[in-house]
Amino acid sequence: MNRSPAPAEPPEPARILVVDDDPTVGEVVAGYLTRAGHLVERAEDGPRGLALAERHRPDLLVLDLMLPGLDGLEVLRRLRARPDRADLPVVLLTARGDEADRVLGLELGADDYVTKPFSPRELVLRVQSILRRARTAASAATSAAPAQPLRSGDLALDPRARRAHRAGRELPLTSREFDLLAFLLRHPGTVFSRQELMQRVWGWDFGDLSTVTVHVRRLREKIEDDPGAPELISTVWGVGYRYDPAGPAGQAGQAGQASGGAGRDDAGRDGAR
């Protein structure tokens, strides 16, 4: 899917850290993001980038995978290990042949990736989309309006606190995993294709659909008794994914109203795994 999102309103300025050892790439990316109205700081190696991200939390991190001193995956791994950086939005810059590293980056909690060579304008659009999503979630969490807790069996989500528990144990969900689980709990029994989840959870009309696949797999690892034989998030082959309510008689507690049986035939177009 190669479409780019439609132009949006100018975003509020964000503090963005760009970590790339190629001075040309770093300068171009920083230049485009600055012209888009953001405040940009740069680092050219892993240790420096990690130190800046830890010392002054940016609103978003643009992170190259191939870095001297400390590679991008290790930088991401260390940031995600910190509770105060676990939900930091991250966009990876990867080489075209780094598919295994891209998947690993998504599994570590990266929000998106852009493959080199890339269009700086597309990168800016992706950054702005992620920032809008993060700000919407933050605004909802601090809103004075009460947010209804979500429950399904022994799963409990608090949208305002952005916290999730299963059987009383807090789940270590990334921001994107939380959004995905909350969406599924609000639509029990409904099948969604990966493209639909990309649009309705990520808010994107573009991007690699394997991003959704990886996040579903990571979510299963955190909420399923046996991730290899999932009972809560089912794969509907050739269509997509469905959340099957937990609890007595298959009811989802306060998880919201089902949208009806979405028996859409996306076979051969979704490829969900």
# chains A, B, ... in the order shown; residues from 1 in each chain; ligands from 1

$ select_by_dssp --residues "range 111-242 of chain A" --states "strand (DSSP E)" --output "PyMOL selection string"
chain A and resi 112-116+150-152+155-158+163-166+169-170+191-192+233-236+240-242

$ closest_atom_pairs --of "range 166-232 of chain A" --to "range 60-83 of chain A" --cutoff "12 Å" --atoms "only C-alpha atoms" --output "JSON lines"
{"residue": "A:Pro172", "atom": "CA", "partner": "A:Pro83", "partner_atom": "CA", "distance": 9.2}
{"residue": "A:Leu173", "atom": "CA", "partner": "A:Arg80", "partner_atom": "CA", "distance": 10.5}
{"residue": "A:Thr174", "atom": "CA", "partner": "A:Arg80", "partner_atom": "CA", "distance": 8.6}
{"residue": "A:Ser175", "atom": "CA", "partner": "A:Arg80", "partner_atom": "CA", "distance": 11.1}

$ closest_residue --among "A:Pro89, A:Gly109, A:Pro245, A:Gly153" --to "Thr190 in chain A" --atoms "only C-alpha atoms"
A:Pro245

$ residues_around --residues "Ala182 in chain A" --least-positions-apart "3" --cutoff "9 Å" --atoms "only C-alpha atoms" --output "PyMOL selection string"
chain A and resi 150+157+159+177-179+185-187+255

$ select_by_dssp --residues "range 198-242 of chain A" --states "alpha helix (DSSP H)" --output "number ranges by chain"
A: 210-223

$ atom_distance --atom1 "CA of Arg42 in chain A" --atom2 "CA of Arg132 in chain A"
21.9 Å

$ atom_distance --atom1 "CA of Glu12 in chain A" --atom2 "CA of Met198 in chain A"
23.4 Å

$ residues_around --residues "Leu17 in chain A" --least-positions-apart "6" --cutoff "10 Å" --atoms "only C-alpha atoms" --output "number ranges by chain"
A: 30, 39-43, 49, 52-53, 56-63, 90

$ write_last_selection --atoms "N, CA, C and O atoms" --output "PDB file, in the first residue's frame"
ATOM      1  N   ALA A  30      16.152  16.543   9.480  1.00  0.00           N
ATOM      2  CA  ALA A  30      15.974  17.645  10.427  1.00  0.00           C
ATOM      3  C   ALA A  30      15.434  18.887   9.721  1.00  0.00           C
ATOM      4  O   ALA A  30      14.582  19.607  10.263  1.00  0.00           O
ATOM      5  N   LEU A  39      10.652  21.287  16.589  1.00  0.00           N
ATOM      6  CA  LEU A  39      11.949  21.584  17.186  1.00  0.00           C
ATOM      7  C   LEU A  39      12.771  20.305  17.134  1.00  0.00           C
ATOM      8  O   LEU A  39      12.373  19.278  17.707  1.00  0.00           O
ATOM      9  N   VAL A  40      13.911  20.351  16.454  1.00  0.00           N
ATOM     10  CA  VAL A  40      14.658  19.129  16.165  1.00  0.00           C
ATOM     11  C   VAL A  40      16.031  19.166  16.823  1.00  0.00           C
ATOM     12  O   VAL A  40      16.750  20.165  16.745  1.00  0.00           O
ATOM     13  N   GLU A  41      16.377  18.050  17.452  1.00  0.00           N
ATOM     14  CA  GLU A  41      17.720  17.844  17.991  1.00  0.00           C
ATOM     15  C   GLU A  41      18.297  16.623  17.298  1.00  0.00           C
ATOM     16  O   GLU A  41      17.568  15.680  16.967  1.00  0.00           O
ATOM     17  N   ARG A  42      19.622  16.617  17.085  1.00  0.00           N
ATOM     18  CA  ARG A  42      20.245  15.526  16.339  1.00  0.00           C
ATOM     19  C   ARG A  42      21.337  14.853  17.142  1.00  0.00           C
ATOM     20  O   ARG A  42      21.986  15.467  17.991  1.00  0.00           O
ATOM     21  N   ALA A  43      21.534  13.564  16.847  1.00  0.00           N
ATOM     22  CA  ALA A  43      22.658  12.797  17.385  1.00  0.00           C
ATOM     23  C   ALA A  43      23.146  11.876  16.278  1.00  0.00           C
ATOM     24  O   ALA A  43      22.361  11.444  15.435  1.00  0.00           O
ATOM     25  N   GLY A  49      22.524   9.396  21.229  1.00  0.00           N
ATOM     26  CA  GLY A  49      21.080   9.425  21.043  1.00  0.00           C
ATOM     27  C   GLY A  49      20.348   8.912  22.267  1.00  0.00           C
ATOM     28  O   GLY A  49      19.347   9.496  22.706  1.00  0.00           O
ATOM     29  N   LEU A  52      20.496  11.534  25.092  1.00  0.00           N
ATOM     30  CA  LEU A  52      19.586  12.660  24.880  1.00  0.00           C
ATOM     31  C   LEU A  52      18.141  12.254  25.121  1.00  0.00           C
ATOM     32  O   LEU A  52      17.360  13.019  25.695  1.00  0.00           O
ATOM     33  N   ALA A  53      17.768  11.055  24.672  1.00  0.00           N
ATOM     34  CA  ALA A  53      16.392  10.588  24.862  1.00  0.00           C
ATOM     35  C   ALA A  53      16.088  10.360  26.334  1.00  0.00           C
ATOM     36  O   ALA A  53      14.954  10.545  26.785  1.00  0.00           O
ATOM     37  N   HIS A  56      16.393  14.318  28.111  1.00  0.00           N
ATOM     38  CA  HIS A  56      15.328  15.242  27.739  1.00  0.00           C
ATOM     39  C   HIS A  56      14.336  14.474  26.886  1.00  0.00           C
ATOM     40  O   HIS A  56      14.545  14.324  25.683  1.00  0.00           O
ATOM     41  N   ARG A  57      13.254  14.028  27.496  1.00  0.00           N
ATOM     42  CA  ARG A  57      12.294  13.207  26.755  1.00  0.00           C
ATOM     43  C   ARG A  57      11.742  13.976  25.554  1.00  0.00           C
ATOM     44  O   ARG A  57      11.082  15.003  25.719  1.00  0.00           O
ATOM     45  N   PRO A  58      12.002  13.488  24.326  1.00  0.00           N
ATOM     46  CA  PRO A  58      11.403  14.128  23.147  1.00  0.00           C
ATOM     47  C   PRO A  58       9.952  13.691  23.004  1.00  0.00           C
ATOM     48  O   PRO A  58       9.492  12.762  23.672  1.00  0.00           O
ATOM     49  N   ASP A  59       9.224  14.367  22.130  1.00  0.00           N
ATOM     50  CA  ASP A  59       7.862  13.944  21.820  1.00  0.00           C
ATOM     51  C   ASP A  59       7.855  12.773  20.849  1.00  0.00           C
ATOM     52  O   ASP A  59       6.873  12.024  20.782  1.00  0.00           O
ATOM     53  N   LEU A  60       8.951  12.641  20.084  1.00  0.00           N
ATOM     54  CA  LEU A  60       9.061  11.548  19.121  1.00  0.00           C
ATOM     55  C   LEU A  60      10.528  11.342  18.780  1.00  0.00           C
ATOM     56  O   LEU A  60      11.312  12.300  18.757  1.00  0.00           O
ATOM     57  N   LEU A  61      10.879  10.092  18.500  1.00  0.00           N
ATOM     58  CA  LEU A  61      12.251   9.731  18.150  1.00  0.00           C
ATOM     59  C   LEU A  61      12.287   9.152  16.747  1.00  0.00           C
ATOM     60  O   LEU A  61      11.546   8.216  16.429  1.00  0.00           O
ATOM     61  N   VAL A  62      13.131   9.722  15.879  1.00  0.00           N
ATOM     62  CA  VAL A  62      13.418   9.149  14.570  1.00  0.00           C
ATOM     63  C   VAL A  62      14.767   8.457  14.700  1.00  0.00           C
ATOM     64  O   VAL A  62      15.787   9.111  14.940  1.00  0.00           O
ATOM     65  N   LEU A  63      14.797   7.139  14.555  1.00  0.00           N
ATOM     66  CA  LEU A  63      15.958   6.344  14.951  1.00  0.00           C
ATOM     67  C   LEU A  63      16.441   5.454  13.813  1.00  0.00           C
ATOM     68  O   LEU A  63      15.711   4.585  13.334  1.00  0.00           O
ATOM     69  N   VAL A  90       8.251   6.112  18.324  1.00  0.00           N
ATOM     70  CA  VAL A  90       9.522   5.868  17.632  1.00  0.00           C
ATOM     71  C   VAL A  90       9.255   5.488  16.181  1.00  0.00           C
ATOM     72  O   VAL A  90       8.433   4.604  15.900  1.00  0.00           O
TER      73      VAL A  90
END

$ closest_residue --among "A:Val103, A:Leu232, A:Ala51, A:Leu33" --to "Arg121 in chain A" --atoms "only C-alpha atoms"
A:Leu33

$ residues_around --residues "Val91 in chain A" --least-positions-apart "3" --cutoff "6 Å" --atoms "only C-alpha atoms" --output "PyMOL selection string"
chain A and resi 62+111-113

$ decode --residues "range 73-197 of chain A" --atoms "C-alpha atoms" --output "CSV table (one decimal), in the first residue's frame"
chain,number,residue,atom,x,y,z
A,73,LEU,CA,17.6,-1.8,18.2
A,74,GLU,CA,19.6,-1.7,21.4
A,75,VAL,CA,18.8,2.0,21.9
A,76,LEU,CA,15.1,1.1,21.4
A,77,ARG,CA,15.4,-1.9,23.8
A,78,ARG,CA,16.9,0.2,26.5
A,79,LEU,CA,14.3,3.0,26.1
A,80,ARG,CA,11.4,0.5,26.3
A,81,ALA,CA,12.8,-1.0,29.5
A,82,ARG,CA,12.3,2.4,31.2
A,83,PRO,CA,8.7,3.0,32.4
A,84,ASP,CA,9.0,6.7,31.6
A,85,ARG,CA,10.0,6.0,28.0
A,86,ALA,CA,7.9,2.9,27.3
A,87,ASP,CA,5.4,4.9,25.3
A,88,LEU,CA,7.8,7.2,23.5
A,89,PRO,CA,6.7,7.3,19.8
A,90,VAL,CA,9.5,5.9,17.6
A,91,VAL,CA,9.9,5.8,13.8
A,92,LEU,CA,12.8,3.6,12.6
A,93,LEU,CA,14.9,4.3,9.6
A,94,THR,CA,16.0,1.1,7.9
A,95,ALA,CA,17.8,-0.2,4.9
A,96,ARG,CA,15.7,-2.0,2.3
A,97,GLY,CA,17.1,-5.5,3.1
A,98,ASP,CA,16.7,-5.2,6.9
A,99,GLU,CA,13.4,-7.1,7.1
A,100,ALA,CA,14.3,-9.1,10.1
A,101,ASP,CA,15.5,-6.0,12.0
A,102,ARG,CA,12.3,-4.1,11.0
A,103,VAL,CA,10.1,-6.9,12.5
A,104,LEU,CA,12.3,-7.0,15.6
A,105,GLY,CA,12.0,-3.2,15.9
A,106,LEU,CA,8.2,-3.5,15.7
A,107,GLU,CA,8.3,-6.3,18.3
A,108,LEU,CA,10.3,-4.0,20.6
A,109,GLY,CA,7.6,-1.4,20.3
A,110,ALA,CA,8.5,0.9,17.4
A,111,ASP,CA,5.4,2.7,16.0
A,112,ASP,CA,6.5,2.6,12.4
A,113,TYR,CA,9.4,2.4,10.0
A,114,VAL,CA,10.5,4.1,6.8
A,115,THR,CA,12.8,2.3,4.4
A,116,LYS,CA,15.8,4.0,2.9
A,117,PRO,CA,15.9,5.6,0.4
A,118,PHE,CA,12.7,7.4,1.4
A,119,SER,CA,10.8,10.5,0.7
A,120,PRO,CA,11.4,13.1,3.4
A,121,ARG,CA,7.9,14.5,2.8
A,122,GLU,CA,6.4,11.0,3.5
A,123,LEU,CA,8.5,10.7,6.7
A,124,VAL,CA,7.2,14.1,7.9
A,125,LEU,CA,3.6,13.0,7.2
A,126,ARG,CA,4.1,9.8,9.1
A,127,VAL,CA,5.7,11.7,12.0
A,128,GLN,CA,2.7,14.1,12.1
A,129,SER,CA,0.2,11.2,12.0
A,130,ILE,CA,1.9,9.5,15.0
A,131,LEU,CA,2.1,12.8,16.9
A,132,ARG,CA,-1.6,13.5,16.3
A,133,ARG,CA,-2.5,10.0,17.6
A,134,ALA,CA,-0.3,10.3,20.7
A,135,ARG,CA,-1.7,13.7,21.5
A,136,THR,CA,-5.3,12.5,21.0
A,137,ALA,CA,-4.6,9.7,23.5
A,138,ALA,CA,-2.9,12.0,26.0
A,139,SER,CA,-5.9,14.5,25.7
A,140,ALA,CA,-8.4,11.7,26.3
A,141,ALA,CA,-6.4,10.5,29.3
A,142,THR,CA,-6.5,14.0,30.9
A,143,SER,CA,-10.1,14.9,29.8
A,144,ALA,CA,-12.5,15.9,32.5
A,145,ALA,CA,-15.1,13.7,30.9
A,146,PRO,CA,-15.4,10.3,32.5
A,147,ALA,CA,-14.0,7.4,30.4
A,148,GLN,CA,-15.8,4.1,30.9
A,149,PRO,CA,-13.5,1.3,32.0
A,150,LEU,CA,-13.4,-1.7,29.6
A,151,ARG,CA,-13.8,-5.2,31.0
A,152,SER,CA,-13.9,-8.6,29.4
A,153,GLY,CA,-13.5,-11.7,31.6
A,154,ASP,CA,-10.4,-11.0,33.8
A,155,LEU,CA,-9.2,-8.3,31.4
A,156,ALA,CA,-9.7,-4.7,32.6
A,157,LEU,CA,-8.6,-1.5,30.9
A,158,ASP,CA,-8.7,2.0,32.2
A,159,PRO,CA,-8.6,4.4,29.2
A,160,ARG,CA,-7.9,7.5,31.3
A,161,ALA,CA,-5.0,6.0,33.2
A,162,ARG,CA,-3.8,4.1,30.1
A,163,ARG,CA,-3.4,1.0,32.2
A,164,ALA,CA,-4.5,-2.6,31.6
A,165,HIS,CA,-4.7,-5.6,34.0
A,166,ARG,CA,-5.4,-9.3,33.6
A,167,ALA,CA,-6.5,-11.2,36.8
A,168,GLY,CA,-5.2,-8.2,38.8
A,169,ARG,CA,-1.8,-8.2,37.2
A,170,GLU,CA,-0.8,-5.1,35.3
A,171,LEU,CA,0.1,-5.8,31.6
A,172,PRO,CA,3.2,-4.1,30.2
A,173,LEU,CA,1.5,-2.8,27.1
A,174,THR,CA,3.1,-0.2,24.7
A,175,SER,CA,0.9,2.7,23.7
A,176,ARG,CA,0.0,1.1,20.4
A,177,GLU,CA,-0.8,-2.3,22.0
A,178,PHE,CA,-3.1,-0.5,24.5
A,179,ASP,CA,-4.9,1.2,21.7
A,180,LEU,CA,-5.3,-2.0,19.7
A,181,LEU,CA,-6.6,-4.0,22.7
A,182,ALA,CA,-9.1,-1.2,23.7
A,183,PHE,CA,-10.4,-1.1,20.1
A,184,LEU,CA,-10.9,-4.8,20.0
A,185,LEU,CA,-12.6,-4.9,23.4
A,186,ARG,CA,-15.0,-2.2,22.1
A,187,HIS,CA,-15.9,-4.3,19.1
A,188,PRO,CA,-16.2,-7.9,20.4
A,189,GLY,CA,-17.1,-10.6,17.8
A,190,THR,CA,-16.4,-8.3,14.8
A,191,VAL,CA,-13.8,-9.3,12.2
A,192,PHE,CA,-11.4,-6.5,11.1
A,193,SER,CA,-8.9,-6.8,8.3
A,194,ARG,CA,-5.4,-5.5,8.9
A,195,GLN,CA,-6.1,-2.5,6.6
A,196,GLU,CA,-9.1,-1.6,8.7
A,197,LEU,CA,-7.1,-1.9,11.9
